[in-house]
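Chemist: Below is the structure I would like to discuss, written out as structure tokens.
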Amino acid sequence: MTRVAVVGAAGYIGGELLRILTTHPEVELAAATSRRLRGRQIDGVHPNLRGRTRLTFCAEDRLDHYDVLFLATPHRETMRRMPEFLGRADTIIDLSGDFRLRSADTYADYYGVPHEAPELLGTFVPGVPEFHRDRLRTADRISVPGCMANAGILALAPLAEAGLIRDEITVDARTGSSGAGATAGSENLHAERSGALRVFAPTRHRHEAEISQATGLPVSMTATGVEAVRGVQLLCRARLADGVGERDIRTVYRERYGNEPFVRVVAQRRGLHRFPDAKILSGSNFCDVGFALDPESDGVTVIAALDNLVKGGSGNAVQCMNIRLGLPESLGLDFIGLHPN
């Protein structure tokens with residue numbers, strides 16, 4: 001049995017990790033930390049786990065050594081503490097933003113502070129199984145992408161890799177309130193959030209740097225908060241290379257994702273659910289990808305949707321763990337979402 005621990009387990013991402021790991025048949029959830037809630041029962045904070053575990057939150061100084069350590073810790077703090085974390089486990093799976101970018105200069109540009117462990121940046125394998133599976137099989141340091149970044153990478157990287165799109169990509173992202181975390185400020189009070197379509201990043205959302213890094217193309221991204229609790233949906237607009245048509249795009253997606261357990265190509269010609277919709281993905285580890293061509297130009301709109309807490313975070317992290325441990329990739333991740341929801 002693989003012994004795992006979660007650092008920063010009181011938040012939404014941490015809670016999703018606990019939900020998945022408590023039912024994982026090959027895992028012993030040995031510890032879950034919270035500074036402010038140490039000593040309290042986990043199900044007092046995550047009531048969906050009632051009856052599933054008797055574990056209590058512990059302080060970080062009580063951590064032992066584990067086979068896998070999941071870090072649901074804040075940006076900027078994680079890089080300072082990474083040397084400490086590396087001594088706590090054989091494999092580190094980091095869900096913060098601190099080791100997603102390869103360039104310390106790009107990190108400083110998007111996060112507003114210098115990177116405090118630049119020598120470690122190149123030692124983390126991107127936690128995108130669909131593109132880095134072979135490296136993940138032997139990786140001891142894994143950095144899981146951001147939720148909107150993962151959706152954008154899965155939507156756009158196959159087309160960029162095949163040379164089907166060109167020039168700058170524009171990304172219009174919509175996200176539910178859980179993306180702001182469990183300790184978000186007054187802007188996420190129900191009175192402020194309910195009914196709102198709030199543009200919180202009109203330019204230069206930090207996930208655009210991750211998408212650009214993965215595609216090799218410049219990306220311009222905006223992000224809007226919508227009334228949903230869970231879910232991310234991206235509309236990505238790009239120009240097609242000369243001579244590219246619908247059949248070329250379908251072929252690339254079919255070849256890239258035909259055997260992938262958690263990416264589904266959704267581009268039907270009619271019907272209520274003919275394009276990806278985060279609503280039906282709640283709780284699941286799927287990312288749905290679809291597209292539409294503009295018949296009057298060389299433009300394509302690629303749509304991607306996922307649950308920001310699962311395929312956009314915790315589920316993707318567990319998928320990476322399964323690959324690293326040589327387990328079936330879908331183990332513990334079989335939930336298929338709800339409809340209606």
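Numbering starts fresh at 1 for the residues of each chain in the structure tokens, the chains themselves are lettered A, B, ... in the order given, and ligands are numbered from 1 as they appear.
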Could you pull the residues within 7 Å of range 140-147 of chain A, counting only C-alpha atoms, minus those fewer than 2 positions along the same chain, as a PyMOL selection string?

Modeler: chain A and resi 90-95+99-100+123-127+138+149-151+207+308+312-313+317

Chemist: Neighbours of Gly11 in chain A within 12 Å (only C-alpha atoms; same-chain residues fewer than 2 positions away dropped), as a PyMOL selection string?

Modeler: chain A and resi 6-9+13-18+32-37+42+45-46+57+71-74+178-184+309+314

Chemist: Nearest residue to Phe70 in chain A out of A:Arg54, A:Arg137, A:Arg40, A:Arg3, using only C-alpha atoms?

Modeler: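 Ranked by minimum distance to Phe70 in chain A, first place goes to A:Arg3.
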
Chemist: Give the answer as one residue: which of A:Arg324, A:Arg269, A:Arg19, A:Arg102 has the shortest atom-to-atom distance to Ala214 in chain A, using only C-alpha atoms?

Modeler: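 Closest residue, counting only C-alpha atoms: A:Arg102.
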
Chemist: What is the CA of Ala201 in chain A-CA of Gln233 in chain A distance in Å, reported with one decimal?

Modeler: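 Interatomic distance here is 14.9 Å.
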
Chemist: With only C-alpha atoms as the atoms that count, which of A:Asp109, A:Ala241, A:Thr203, A:Ala10 lies nearest to Gln41 in chain A?

Modeler: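 When distances to Gln41 in chain A are compared using only C-alpha atoms, the smallest one comes from A:Ala10.
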
Chemist: Go through range 295-332 of chain A residue by residue and, counting only C-alpha atoms, keep those with an atom at most 8 Å from range 153-164 of chain A; for each kept residue give the shortest atom pair and its distance in Å to one decimal, ordered by chain and increasing number, as a tab-separated table.

Modeler:
```
residue	atom	partner	partner_atom	distance
A:Val302	CA	A:Ala155	CA	6.5
A:Ile303	CA	A:Ala155	CA	7.0
A:Ala304	CA	A:Ala155	CA	5.9
```

Chemist: For each of A:Glu227, A:Glu116, A:Asp294, A:Glu60, take the minimum atom-to-atom distance to Arg193 in chain A, counting only C-alpha atoms, then give the residue where this is smallest.

Modeler: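 Ranking A:Glu227, A:Glu116, A:Asp294, A:Glu60 by distance to Arg193 in chain A, first place goes to A:Glu227.
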
Chemist: If you run DSSP over the backbone, which residues in range 94-212 of chain A end up strand (DSSP E)? Put them as a PyMOL selection string.

Modeler: chain A and resi 94+125-126+141-143+165-175+198-201
